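S.K.: Input structure: structure.cif, which contains mmCIF, C-alpha atoms and all ligand atoms.
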data_input
loop_
_atom_site.label_atom_id
_atom_site.label_comp_id
_atom_site.auth_asym_id
_atom_site.auth_seq_id
_atom_site.Cartn_x
_atom_site.Cartn_y
_atom_site.Cartn_z
CA MET E 1 7.58 -14.80 22.55
CA THR E 2 10.68 -12.95 21.47
CA ALA E 3 11.12 -9.45 20.16
CA PRO E 4 11.43 -9.18 16.40
CA ALA E 5 14.95 -9.00 15.06
CA ALA E 6 15.87 -6.02 12.91
CA GLN E 7 15.57 -6.81 9.25
CA THR E 8 15.79 -4.92 6.03
CA GLY E 9 13.27 -4.66 3.23
CA THR E 10 11.16 -1.88 1.82
CA GLY E 11 8.18 -3.69 0.29
CA LYS E 12 4.90 -2.14 1.38
CA ARG E 13 2.24 -4.36 2.86
CA PRO E 14 -1.23 -4.71 1.41
CA VAL E 15 -3.85 -2.82 3.39
CA SER E 16 -6.95 -4.84 2.66
CA PRO E 17 -7.75 -8.11 4.42
CA ALA E 18 -7.26 -11.36 2.54
CA ASP E 19 -10.12 -12.38 0.25
CA GLY E 20 -12.94 -13.95 2.22
CA ALA E 21 -11.47 -12.94 5.61
CA ALA E 22 -13.79 -11.18 8.03
CA PRO E 23 -12.85 -7.51 8.32
CA ALA E 24 -10.66 -7.11 11.39
CA GLU E 25 -11.77 -4.89 14.25
CA PRO E 26 -10.31 -1.40 13.81
CA VAL E 27 -7.12 -0.87 15.74
CA VAL E 28 -8.07 2.78 16.17
CA SER E 29 -11.34 4.54 15.59
CA PHE E 30 -11.99 8.25 16.01
CA THR E 31 -15.64 9.24 15.69
CA ASP E 32 -16.41 12.92 15.28
CA VAL E 33 -13.65 13.93 17.69
CA ALA E 34 -13.03 17.56 18.64
CA LYS E 35 -10.57 19.16 21.04
CA SER E 36 -10.04 22.87 21.68
CA PHE E 37 -7.64 24.80 23.87
CA GLY E 38 -9.50 28.01 24.67
CA PRO E 39 -10.25 29.59 21.30
CA VAL E 40 -7.86 27.25 19.40
CA ARG E 41 -9.60 24.32 17.73
CA ALA E 42 -6.71 21.86 17.76
CA VAL E 43 -8.77 18.94 16.34
CA SER E 44 -12.19 19.22 14.65
CA ASP E 45 -14.69 16.67 13.30
CA LEU E 46 -12.04 13.98 13.18
CA SER E 47 -13.30 10.56 12.11
CA LEU E 48 -10.98 7.80 10.95
CA SER E 49 -10.14 4.12 11.39
CA LEU E 50 -6.81 2.31 11.31
CA HIS E 51 -6.57 -1.42 10.67
CA PRO E 52 -4.13 -4.22 11.63
CA GLY E 53 -0.96 -4.29 9.55
CA GLU E 54 -1.31 -0.72 8.31
CA THR E 55 1.59 1.70 8.45
CA VAL E 56 0.05 5.14 8.53
CA ALA E 57 1.82 8.51 8.34
CA LEU E 58 0.23 11.54 9.93
CA LEU E 59 1.29 14.71 8.14
CA GLY E 60 0.41 18.35 8.60
CA PRO E 61 2.05 21.74 8.93
CA ASN E 62 3.13 23.06 12.35
CA GLY E 63 0.13 23.43 14.63
CA ALA E 64 -2.10 21.20 12.44
CA GLY E 65 -3.12 19.07 15.43
CA LYS E 66 -0.93 15.99 14.98
CA SER E 67 0.39 15.80 18.55
CA THR E 68 -3.06 16.57 19.94
CA ALA E 69 -4.56 13.74 17.86
CA LEU E 70 -1.90 11.34 19.19
CA ASP E 71 -2.48 12.53 22.77
CA LEU E 72 -6.23 11.88 22.32
CA LEU E 73 -5.47 8.46 20.88
CA LEU E 74 -3.32 7.59 23.89
CA GLY E 75 -5.84 8.92 26.40
CA LEU E 76 -3.41 11.65 27.52
CA LYS E 77 -6.09 14.19 26.67
CA ASN E 78 -9.86 13.75 26.64
CA PRO E 79 -11.93 14.89 23.65
CA ASP E 80 -14.45 17.72 24.14
CA HIS E 81 -16.70 15.81 21.79
CA GLY E 82 -16.78 12.42 20.06
CA THR E 83 -15.18 9.08 20.95
CA VAL E 84 -11.77 7.47 20.59
CA ARG E 85 -11.52 3.68 20.72
CA LEU E 86 -8.54 1.36 20.48
CA PHE E 87 -9.45 -2.27 19.70
CA GLY E 88 -13.01 -1.37 20.73
CA GLN E 89 -11.82 -0.26 24.19
CA THR E 90 -11.07 3.11 25.75
CA PRO E 91 -7.43 4.20 25.30
CA THR E 92 -6.79 3.64 29.02
CA GLN E 93 -8.11 0.06 28.89
CA ALA E 94 -6.14 -0.79 25.73
CA ILE E 95 -2.92 0.63 27.17
CA ALA E 96 -3.42 -1.19 30.49
CA ALA E 97 -3.82 -4.41 28.50
CA GLY E 98 -0.39 -3.80 26.91
CA ARG E 99 -1.72 -3.43 23.37
CA VAL E 100 -0.15 -0.04 22.63
CA GLY E 101 3.44 1.20 22.60
CA ALA E 102 4.22 4.88 22.16
CA MET E 103 7.24 6.99 21.40
CA LEU E 104 6.42 10.63 22.05
CA GLN E 105 8.40 13.84 21.64
CA SER E 106 7.57 15.10 25.08
CA GLY E 107 8.66 13.69 28.42
CA GLY E 108 12.24 13.27 29.57
CA LEU E 109 13.88 9.91 30.18
CA MET E 110 14.99 8.92 33.69
CA GLU E 111 18.55 10.20 33.82
CA GLU E 112 20.70 8.47 36.42
CA VAL E 113 20.08 4.94 35.14
CA THR E 114 21.76 2.91 32.45
CA VAL E 115 20.10 2.10 29.14
CA ARG E 116 19.76 -1.53 30.23
CA GLU E 117 18.13 -0.61 33.52
CA LEU E 118 15.63 1.70 31.84
CA VAL E 119 14.69 -0.75 29.10
CA GLY E 120 14.53 -3.53 31.71
CA LEU E 121 12.05 -1.47 33.73
CA ALA E 122 9.86 -0.93 30.67
CA CYS E 123 9.92 -4.67 29.95
CA ASP E 124 9.05 -5.50 33.57
CA LEU E 125 6.09 -3.14 33.49
CA HIS E 126 4.70 -4.49 30.21
CA PRO E 127 1.86 -7.02 30.59
CA ARG E 128 3.13 -8.91 27.53
CA ARG E 129 6.87 -8.25 27.90
CA TYR E 130 9.71 -9.28 25.60
CA PRO E 131 13.15 -10.27 26.97
CA VAL E 132 15.19 -7.11 27.55
CA ALA E 133 18.17 -8.36 25.50
CA ASP E 134 15.91 -8.93 22.48
CA VAL E 135 14.34 -5.48 22.81
CA MET E 136 17.75 -3.80 22.96
CA ALA E 137 19.02 -5.84 20.01
CA ALA E 138 15.97 -4.94 17.90
CA ALA E 139 16.42 -1.24 18.72
CA GLY E 140 20.16 -1.39 17.99
CA ILE E 141 21.24 -0.26 21.45
CA THR E 142 22.99 -3.37 22.79
CA ASP E 143 26.40 -1.70 22.43
CA ILE E 144 25.35 1.25 24.58
CA ARG E 145 23.49 -0.76 27.24
CA ASP E 146 25.84 0.23 30.09
CA ARG E 147 25.76 3.95 29.24
CA LYS E 148 23.92 6.39 31.48
CA VAL E 149 20.79 7.69 29.78
CA ASN E 150 21.84 11.33 30.30
CA LYS E 151 25.07 10.72 28.35
CA LEU E 152 23.38 9.71 25.09
CA SER E 153 23.34 11.62 21.81
CA GLY E 154 19.98 12.79 20.43
CA GLY E 155 19.82 9.89 17.95
CA GLN E 156 20.75 7.31 20.62
CA GLU E 157 18.10 8.74 22.92
CA GLN E 158 15.53 8.28 20.15
CA ARG E 159 16.54 4.62 19.83
CA VAL E 160 16.09 4.14 23.56
CA ARG E 161 12.63 5.73 23.32
CA PHE E 162 11.89 3.29 20.51
CA ALA E 163 13.01 0.37 22.72
CA LEU E 164 10.64 1.59 25.45
CA ALA E 165 7.79 1.67 22.92
CA THR E 166 8.51 -1.91 21.82
CA ALA E 167 9.19 -3.52 25.21
CA GLY E 168 6.32 -5.97 24.80
CA ALA E 169 3.91 -7.51 22.31
CA ASN E 170 1.97 -4.38 21.35
CA ASP E 171 -0.58 -4.47 18.55
CA LEU E 172 -0.24 -0.74 17.82
CA ILE E 173 2.88 1.41 17.87
CA VAL E 174 2.46 5.18 17.94
CA LEU E 175 5.45 7.35 17.06
CA ASP E 176 5.56 11.14 17.19
CA GLU E 177 8.34 12.36 14.87
CA PRO E 178 10.46 9.30 15.71
CA THR E 179 13.52 10.04 13.56
CA THR E 180 14.06 13.65 14.62
CA GLY E 181 17.75 14.00 15.50
CA MET E 182 18.81 10.81 13.70
CA ASP E 183 21.36 10.89 10.89
CA VAL E 184 20.58 9.26 7.55
CA SER E 185 21.98 5.82 8.37
CA ALA E 186 20.34 5.77 11.82
CA ARG E 187 17.06 6.70 10.14
CA GLN E 188 17.38 3.87 7.62
CA ALA E 189 18.21 1.39 10.38
CA PHE E 190 15.27 2.66 12.42
CA TRP E 191 12.78 2.09 9.60
CA ALA E 192 14.22 -1.35 8.87
CA THR E 193 13.59 -2.24 12.52
CA MET E 194 10.14 -0.75 12.33
CA ARG E 195 9.32 -2.76 9.25
CA ALA E 196 10.08 -5.95 11.17
CA GLN E 197 7.37 -4.95 13.64
CA VAL E 198 4.92 -4.23 10.81
CA ASP E 199 5.71 -7.60 9.25
CA GLU E 200 4.43 -9.18 12.47
CA GLY E 201 1.02 -7.64 11.71
CA LYS E 202 1.25 -4.67 14.07
CA ALA E 203 -0.24 -1.35 13.08
CA VAL E 204 2.04 1.67 13.13
CA LEU E 205 0.96 5.29 13.23
CA PHE E 206 3.68 7.91 12.96
CA ALA E 207 3.61 11.68 12.78
CA THR E 208 6.40 13.17 10.71
CA HIS E 209 7.63 16.27 8.97
CA TYR E 210 9.85 14.15 6.67
CA LEU E 211 7.62 13.69 3.66
CA GLU E 212 10.08 11.39 1.92
CA GLU E 213 9.73 9.04 4.92
CA ALA E 214 5.97 9.05 4.64
CA ASP E 215 6.29 8.36 0.91
CA ALA E 216 8.75 5.50 1.38
CA ILE E 217 7.36 3.87 4.52
CA ALA E 218 3.63 4.44 4.85
CA ASP E 219 0.95 2.55 2.98
CA ARG E 220 -1.53 5.24 3.98
CA VAL E 221 -1.10 8.97 4.54
CA LEU E 222 -3.38 11.20 6.61
CA VAL E 223 -3.03 14.97 6.19
CA LEU E 224 -4.26 17.22 8.99
CA HIS E 225 -4.73 20.94 8.46
CA GLN E 226 -6.01 23.29 11.14
CA GLY E 227 -7.28 20.27 13.06
CA ARG E 228 -9.23 18.78 10.15
CA LEU E 229 -8.46 15.69 8.09
CA ILE E 230 -8.06 17.04 4.55
CA ALA E 231 -6.60 13.97 2.83
CA ASP E 232 -6.60 10.24 3.52
CA GLY E 233 -5.16 7.82 0.99
CA THR E 234 -2.01 6.23 -0.35
CA ALA E 235 0.86 8.60 -1.18
CA ALA E 236 0.12 7.91 -4.87
CA GLU E 237 -3.54 8.89 -4.43
CA ILE E 238 -2.58 12.09 -2.63
CA LYS E 239 -0.12 13.01 -5.37
CA ALA E 240 -2.77 12.33 -8.01
CA ARG E 241 -5.34 14.40 -6.17
CA ALA E 242 -2.97 17.39 -5.95
CA GLY E 243 -2.65 17.55 -9.73
CA ALA E 244 -0.79 14.77 -11.37
CA ARG E 245 1.98 16.38 -13.40
CA ARG E 246 4.50 19.17 -13.36
CA ILE E 247 5.36 20.71 -16.74
CA THR E 248 8.33 23.04 -17.17
CA PHE E 249 9.50 24.76 -20.36
CA ASP E 250 11.09 27.96 -21.65
CA LEU E 251 9.56 30.33 -24.20
CA ASP E 252 11.34 32.86 -26.43
CA GLY E 253 10.29 36.50 -26.32
CA THR E 254 7.79 38.04 -23.91
CA VAL E 255 5.77 35.40 -22.09
CA ASP E 256 2.03 36.17 -21.99
CA SER E 257 0.90 34.87 -18.56
CA ASP E 258 -2.74 35.76 -19.20
CA LEU E 259 -2.75 33.66 -22.37
CA LEU E 260 -1.12 30.74 -20.54
CA GLY E 261 -3.74 31.13 -17.82
CA THR E 262 -6.40 30.05 -20.36
CA LEU E 263 -4.78 26.61 -20.85
CA PRO E 264 -7.00 23.64 -20.00
CA HIS E 265 -6.45 21.41 -16.93
CA LEU E 266 -4.30 23.99 -15.13
CA VAL E 267 -3.89 23.42 -11.38
CA GLY E 268 -1.07 25.96 -11.00
CA LEU E 269 0.94 28.39 -13.16
CA ASP E 270 4.19 30.19 -12.41
CA VAL E 271 6.09 32.32 -14.93
CA THR E 272 9.61 33.48 -14.04
CA GLY E 273 11.38 35.23 -16.94
CA PRO E 274 11.33 32.84 -19.89
CA THR E 275 10.55 29.80 -17.70
CA VAL E 276 6.99 28.52 -17.39
CA ARG E 277 6.07 26.05 -14.61
CA ILE E 278 2.66 24.45 -14.84
CA ARG E 279 0.83 21.96 -12.63
CA SER E 280 -1.75 20.12 -14.67
CA ASP E 281 -4.19 17.32 -14.01
CA ASP E 282 -3.94 16.31 -17.68
CA ALA E 283 -0.46 17.08 -19.00
CA ASP E 284 -1.19 15.71 -22.50
CA ALA E 285 -4.22 17.98 -22.98
CA THR E 286 -2.40 21.00 -21.55
CA MET E 287 0.61 20.52 -23.83
CA HIS E 288 -1.64 19.95 -26.83
CA ALA E 289 -3.18 23.35 -26.11
CA VAL E 290 0.25 24.97 -25.68
CA TYR E 291 1.14 23.89 -29.21
CA GLY E 292 -2.35 24.94 -30.36
CA LEU E 293 -1.55 28.51 -29.23
CA GLY E 294 1.33 28.49 -31.71
CA LEU E 295 3.94 28.47 -28.93
CA TYR E 296 7.28 26.62 -29.24
CA PRO E 297 8.31 25.35 -25.82
CA ARG E 298 12.02 24.58 -25.36
CA ASN E 299 13.69 22.47 -22.64
CA LEU E 300 10.39 20.72 -22.01
CA GLU E 301 10.18 18.53 -18.89
CA VAL E 302 7.10 16.66 -17.66
CA SER E 303 7.28 14.88 -14.29
CA GLY E 304 5.07 13.60 -11.50
CA LEU E 305 4.55 15.63 -8.34
CA GLY E 306 6.55 14.49 -5.33
CA LEU E 307 4.67 14.00 -2.08
CA GLU E 308 6.18 17.25 -0.84
CA GLN E 309 4.70 19.31 -3.69
CA ALA E 310 1.42 17.43 -3.38
CA PHE E 311 1.33 18.13 0.35
CA LEU E 312 1.99 21.84 -0.23
CA ALA E 313 -0.64 21.97 -3.00
CA ILE E 314 -3.35 20.42 -0.81
CA THR E 315 -2.53 22.42 2.32
CA ASP E 316 -2.32 25.68 0.29
CA ALA E 317 -5.71 24.90 -1.26
CA ALA E 318 -7.16 24.19 2.21
CA THR E 319 -5.72 27.48 3.54
CA ALA E 320 -7.28 29.39 0.61
CA GLU E 321 -10.63 27.65 1.19
CA GLU E 322 -10.56 28.50 4.92
CA ALA E 323 -9.78 32.15 4.07
CA GLY E 324 -12.68 32.19 1.58
CA ASN E 325 -15.07 30.81 4.22
CA ARG E 326 -14.19 33.53 6.75
N1 LIG E 401 -1.86 22.61 25.90
C1 LIG E 401 -2.19 23.50 24.95
N2 LIG E 401 -2.67 24.72 25.28
C2 LIG E 401 -3.02 25.62 24.34
N3 LIG E 401 -2.92 25.40 23.00
C3 LIG E 401 -2.42 24.21 22.62
C4 LIG E 401 -2.03 23.20 23.57
N4 LIG E 401 -1.58 22.13 22.87
C5 LIG E 401 -1.70 22.44 21.56
N5 LIG E 401 -2.21 23.68 21.41
C6 LIG E 401 -2.50 24.35 20.14
O1 LIG E 401 -3.28 23.45 19.36
C7 LIG E 401 -2.87 23.50 17.98
C8 LIG E 401 -2.42 22.11 17.54
O2 LIG E 401 -1.19 21.82 18.21
P1 LIG E 401 -0.42 20.43 17.99
O3 LIG E 401 0.76 20.45 18.91
O4 LIG E 401 -1.38 19.32 18.11
O5 LIG E 401 0.05 20.56 16.47
P2 LIG E 401 1.13 19.70 15.66
O6 LIG E 401 0.52 19.39 14.34
O7 LIG E 401 1.59 18.56 16.48
O8 LIG E 401 2.31 20.77 15.50
P3 LIG E 401 3.90 20.57 15.26
O9 LIG E 401 4.07 20.01 13.89
O10 LIG E 401 4.39 21.97 15.35
O11 LIG E 401 4.43 19.67 16.35
C9 LIG E 401 -1.79 24.56 17.89
O12 LIG E 401 -2.39 25.77 17.50
C10 LIG E 401 -1.25 24.63 19.31
O13 LIG E 401 -0.74 25.93 19.58
#
Could the structure of this file be written out as structure tokens, please?

M.R.:
Amino acid sequence: MTAPAAQTGTGKRPVSPADGAAPAEPVVSFTDVAKSFGPVRAVSDLSLSLHPGETVALLGPNGAGKSTALDLLLGLKNPDHGTVRLFGQTPTQAIAAGRVGAMLQSGGLMEEVTVRELVGLACDLHPRRYPVADVMAAAGITDIRDRKVNKLSGGQEQRVRFALATAGANDLIVLDEPTTGMDVSARQAFWATMRAQVDEGKAVLFATHYLEEADAIADRVLVLHQGRLIADGTAAEIKARAGARRITFDLDGTVDSDLLGTLPHLVGLDVTGPTVRIRSDDADATMHAVYGLGLYPRNLEVSGLGLEQAFLAITDAATAEEAGNR
């Protein structure tokens, strides 16, 4: 078997199995998983399943528990409670069988070796290895194969890490902030390469702070907040859940915030000088009511929430709920 060649294309894959097909065994299943570090609950009550062919983004603010969840998945940390299974096996068994490739933030690369030597070693160690030349070509590092690993730029180093994660026929690829340090074109090339892996039916789980990447690449988005899973759905579902529309307009004269606060379907309201910014889960009904109040909005704009605003809206709401529960 050869490594997949890099290819372009941005079409998202369907998540559900073909009609009539037996549901595939979950690639990953977390059941009621918890992990604390002293008083810090890094992951709590985490239950989820990933399926073959899914590309899943793991989002969350700093300290939300993303890296801990990935470490638990890879068997690098043990849960205090609950179970983690990969293909029905323990993480250690699945990794030993060569079913999982990972690209993590932590861990240095061996320094005094060339790129080719390092990737060659990873291929040799993989139970279902690909030819080293194919792996380097797919990761876009053939031209730097004779360079010493400690002489690489940050973006080149990331590509080498990616090659190490794809040295053999894995069924799951786990990436922790894979495009950190890459410029825009390197990032695009990276995701094109990644898509080729997904098109082979592999599952990909990646943690990221780049919400536009999650929006463009993932067919499912998981949002962690203070160790808990607070959203799980397509990017479109998460945007819809956060309040579907943003409405912006200007008003003449003194703006009465209290009066605007009585509008129906409000999810958020911000008044700055003459400018009113509303988040509404029914923009038509909200605007109908604005006119009903006898107001004359100027410069009216109605648009959908981006994933970034949706992410902020859901994590802010979760923070407020946590504070209320204290
Ligand atoms: N080894 C550790 N010892 C003590 N606390 C830890 C340890 N590892 C993680 N934590 C804490 O657990 C919480 C979750 O950390 P984690 O690194 O999983 O978050 P993250 O979502 O990956 O964050 P970031 O986006 O900043 O990388 C944080 O409060 C962190 O300080």

S.K.: Between E:Glu177, E:Asp199, E:Asp256, E:Asp45, which one has atoms that come closest to Ala214 in chain E, using all atoms listed in the file?

M.R.: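 Closest to Ala214 in chain E of all the choices is E:Glu177.
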
S.K.: Give the residue list for ligand LIG 401 (chain E) at 7 Å, counting only C-alpha atoms and all ligand atoms, as a short mmCIF file (atom, residue, chain, number, x, y, z; two decimals) with C-alpha atoms, in the coordinates of the input, sorted by chain and then by residue number.

M.R.:
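What follows is the written file selection.cif:
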data_model
loop_
_atom_site.label_atom_id
_atom_site.label_comp_id
_atom_site.auth_asym_id
_atom_site.auth_seq_id
_atom_site.Cartn_x
_atom_site.Cartn_y
_atom_site.Cartn_z
CA PHE E 37 -7.64 24.80 23.87
CA GLY E 38 -9.50 28.01 24.67
CA VAL E 40 -7.86 27.25 19.40
CA ARG E 41 -9.60 24.32 17.73
CA ALA E 42 -6.71 21.86 17.76
CA GLY E 60 0.41 18.35 8.60
CA PRO E 61 2.05 21.74 8.93
CA ASN E 62 3.13 23.06 12.35
CA GLY E 63 0.13 23.43 14.63
CA ALA E 64 -2.10 21.20 12.44
CA GLY E 65 -3.12 19.07 15.43
CA LYS E 66 -0.93 15.99 14.98
CA SER E 67 0.39 15.80 18.55
CA THR E 68 -3.06 16.57 19.94
CA ALA E 69 -4.56 13.74 17.86
CA GLY E 227 -7.28 20.27 13.06
#

S.K.: Kindly indicate which residue among E:Gly88, E:Pro79, E:Pro26, E:Gly273 lies nearest to Gly53 in chain E, using all atoms listed in the file for the distances.

M.R.: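 Looking at the shortest contact to Gly53 in chain E, the residue is E:Pro26.
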
S.K.: Separation of CA of Ser49 in chain E and CA of Gly75 in chain E, in Å?

M.R.: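 Distance between the two atoms: 16.3 Å.
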
S.K.: Which is closer to Ala57 in chain E than all the others in E:Ile144, E:Leu118, E:Leu300, E:Val174, using all atoms listed in the file?

M.R.: E:Val174

S.K.: I'd like the neighbourhood of Met103 in chain E as a VMD selection string, where a residue qualifies if any of its atoms comes within 12 Å (using all atoms listed in the file), though same-chain residues fewer than 5 positions away should be ignored.

M.R.: chain E and resid 67 70 to 71 74 108 to 109 157 to 167 172 to 180 204 to 207

S.K.: Using only C-alpha atoms, which protein or nucleic acid residues come within 10 Å of Thr92 in chain E? Drop anything in the same chain fewer than 5 positions from it, and give the result as a PDB file with C-alpha atoms, in the coordinates of the input.

M.R.:
ATOM      1  CA  LEU E  73      -5.470   8.460  20.880  1.00  0.00           C
ATOM      2  CA  LEU E  74      -3.320   7.590  23.890  1.00  0.00           C
ATOM      3  CA  GLY E  75      -5.840   8.920  26.400  1.00  0.00           C
ATOM      4  CA  LEU E  76      -3.410  11.650  27.520  1.00  0.00           C
ATOM      5  CA  ARG E  85     -11.520   3.680  20.720  1.00  0.00           C
ATOM      6  CA  LEU E  86      -8.540   1.360  20.480  1.00  0.00           C
ATOM      7  CA  ALA E  97      -3.820  -4.410  28.500  1.00  0.00           C
ATOM      8  CA  VAL E 100      -0.150  -0.040  22.630  1.00  0.00           C
TER       9      VAL E 100
END

S.K.: I'd like the neighbourhood of Arg228 in chain E as number ranges by chain, where a residue qualifies if any of its atoms comes within 7 Å (using only C-alpha atoms), though same-chain residues fewer than 5 positions away should be ignored.

M.R.: E: 43-46

S.K.: Range 224-287 of chain E from the block above, C-alpha atoms, as a PDB file, in the first residue's frame, please?

M.R.:
ATOM      1  CA  LEU E 224     -14.894  21.838  25.509  1.00  0.00           C
ATOM      2  CA  HIS E 225     -15.244  24.332  28.338  1.00  0.00           C
ATOM      3  CA  GLN E 226     -13.738  23.828  31.775  1.00  0.00           C
ATOM      4  CA  GLY E 227     -13.309  20.140  30.948  1.00  0.00           C
ATOM      5  CA  ARG E 228     -16.928  19.585  29.895  1.00  0.00           C
ATOM      6  CA  LEU E 229     -18.347  19.004  26.429  1.00  0.00           C
ATOM      7  CA  ILE E 230     -20.719  21.934  25.915  1.00  0.00           C
ATOM      8  CA  ALA E 231     -21.439  21.568  22.195  1.00  0.00           C
ATOM      9  CA  ASP E 232     -21.260  18.730  19.681  1.00  0.00           C
ATOM     10  CA  GLY E 233     -22.559  19.202  16.154  1.00  0.00           C
ATOM     11  CA  THR E 234     -21.797  20.547  12.712  1.00  0.00           C
ATOM     12  CA  ALA E 235     -20.435  24.100  12.544  1.00  0.00           C
ATOM     13  CA  ALA E 236     -23.831  25.133  11.116  1.00  0.00           C
ATOM     14  CA  GLU E 237     -25.668  23.576  14.072  1.00  0.00           C
ATOM     15  CA  ILE E 238     -23.376  25.302  16.547  1.00  0.00           C
ATOM     16  CA  LYS E 239     -23.893  28.653  14.848  1.00  0.00           C
ATOM     17  CA  ALA E 240     -27.656  28.118  14.884  1.00  0.00           C
ATOM     18  CA  ARG E 241     -27.625  27.161  18.542  1.00  0.00           C
ATOM     19  CA  ALA E 242     -25.702  30.312  19.497  1.00  0.00           C
ATOM     20  CA  GLY E 243     -28.431  32.544  18.063  1.00  0.00           C
ATOM     21  CA  ALA E 244     -28.809  32.540  14.358  1.00  0.00           C
ATOM     22  CA  ARG E 245     -28.521  36.153  13.248  1.00  0.00           C
ATOM     23  CA  ARG E 246     -26.664  39.361  13.902  1.00  0.00           C
ATOM     24  CA  ILE E 247     -28.614  42.585  13.333  1.00  0.00           C
ATOM     25  CA  THR E 248     -26.884  45.965  13.220  1.00  0.00           C
ATOM     26  CA  PHE E 249     -28.479  49.378  12.674  1.00  0.00           C
ATOM     27  CA  ASP E 250     -28.198  53.037  13.684  1.00  0.00           C
ATOM     28  CA  LEU E 251     -30.910  55.092  15.382  1.00  0.00           C
ATOM     29  CA  ASP E 252     -31.302  58.874  15.440  1.00  0.00           C
ATOM     30  CA  GLY E 253     -31.527  60.678  18.773  1.00  0.00           C
ATOM     31  CA  THR E 254     -31.057  59.105  22.200  1.00  0.00           C
ATOM     32  CA  VAL E 255     -31.143  55.321  22.050  1.00  0.00           C
ATOM     33  CA  ASP E 256     -33.316  53.754  24.768  1.00  0.00           C
ATOM     34  CA  SER E 257     -31.465  50.516  25.686  1.00  0.00           C
ATOM     35  CA  ASP E 258     -34.144  49.463  28.170  1.00  0.00           C
ATOM     36  CA  LEU E 259     -36.815  49.692  25.476  1.00  0.00           C
ATOM     37  CA  LEU E 260     -34.651  47.688  23.058  1.00  0.00           C
ATOM     38  CA  GLY E 261     -34.128  45.126  25.812  1.00  0.00           C
ATOM     39  CA  THR E 262     -37.856  44.271  25.593  1.00  0.00           C
ATOM     40  CA  LEU E 263     -37.559  43.117  21.958  1.00  0.00           C
ATOM     41  CA  PRO E 264     -38.554  39.499  21.321  1.00  0.00           C
ATOM     42  CA  HIS E 265     -36.029  36.738  20.473  1.00  0.00           C
ATOM     43  CA  LEU E 266     -33.048  38.698  21.816  1.00  0.00           C
ATOM     44  CA  VAL E 267     -29.933  36.620  22.514  1.00  0.00           C
ATOM     45  CA  GLY E 268     -27.645  39.642  22.938  1.00  0.00           C
ATOM     46  CA  LEU E 269     -27.849  43.455  22.819  1.00  0.00           C
ATOM     47  CA  ASP E 270     -25.081  46.030  22.587  1.00  0.00           C
ATOM     48  CA  VAL E 271     -25.657  49.770  22.176  1.00  0.00           C
ATOM     49  CA  THR E 272     -22.676  52.001  21.364  1.00  0.00           C
ATOM     50  CA  GLY E 273     -23.666  55.610  20.614  1.00  0.00           C
ATOM     51  CA  PRO E 274     -26.224  55.504  17.802  1.00  0.00           C
ATOM     52  CA  THR E 275     -25.285  51.940  16.783  1.00  0.00           C
ATOM     53  CA  VAL E 276     -27.375  48.996  17.963  1.00  0.00           C
ATOM     54  CA  ARG E 277     -26.014  45.430  17.660  1.00  0.00           C
ATOM     55  CA  ILE E 278     -28.457  42.627  18.318  1.00  0.00           C
ATOM     56  CA  ARG E 279     -28.113  38.851  18.310  1.00  0.00           C
ATOM     57  CA  SER E 280     -31.473  37.270  17.669  1.00  0.00           C
ATOM     58  CA  ASP E 281     -32.735  33.742  17.213  1.00  0.00           C
ATOM     59  CA  ASP E 282     -35.536  35.093  14.992  1.00  0.00           C
ATOM     60  CA  ALA E 283     -34.327  38.172  13.121  1.00  0.00           C
ATOM     61  CA  ASP E 284     -37.634  38.654  11.250  1.00  0.00           C
ATOM     62  CA  ALA E 285     -39.674  38.775  14.474  1.00  0.00           C
ATOM     63  CA  THR E 286     -37.149  41.033  16.195  1.00  0.00           C
ATOM     64  CA  MET E 287     -37.099  43.518  13.318  1.00  0.00           C
TER      65      MET E 287
END
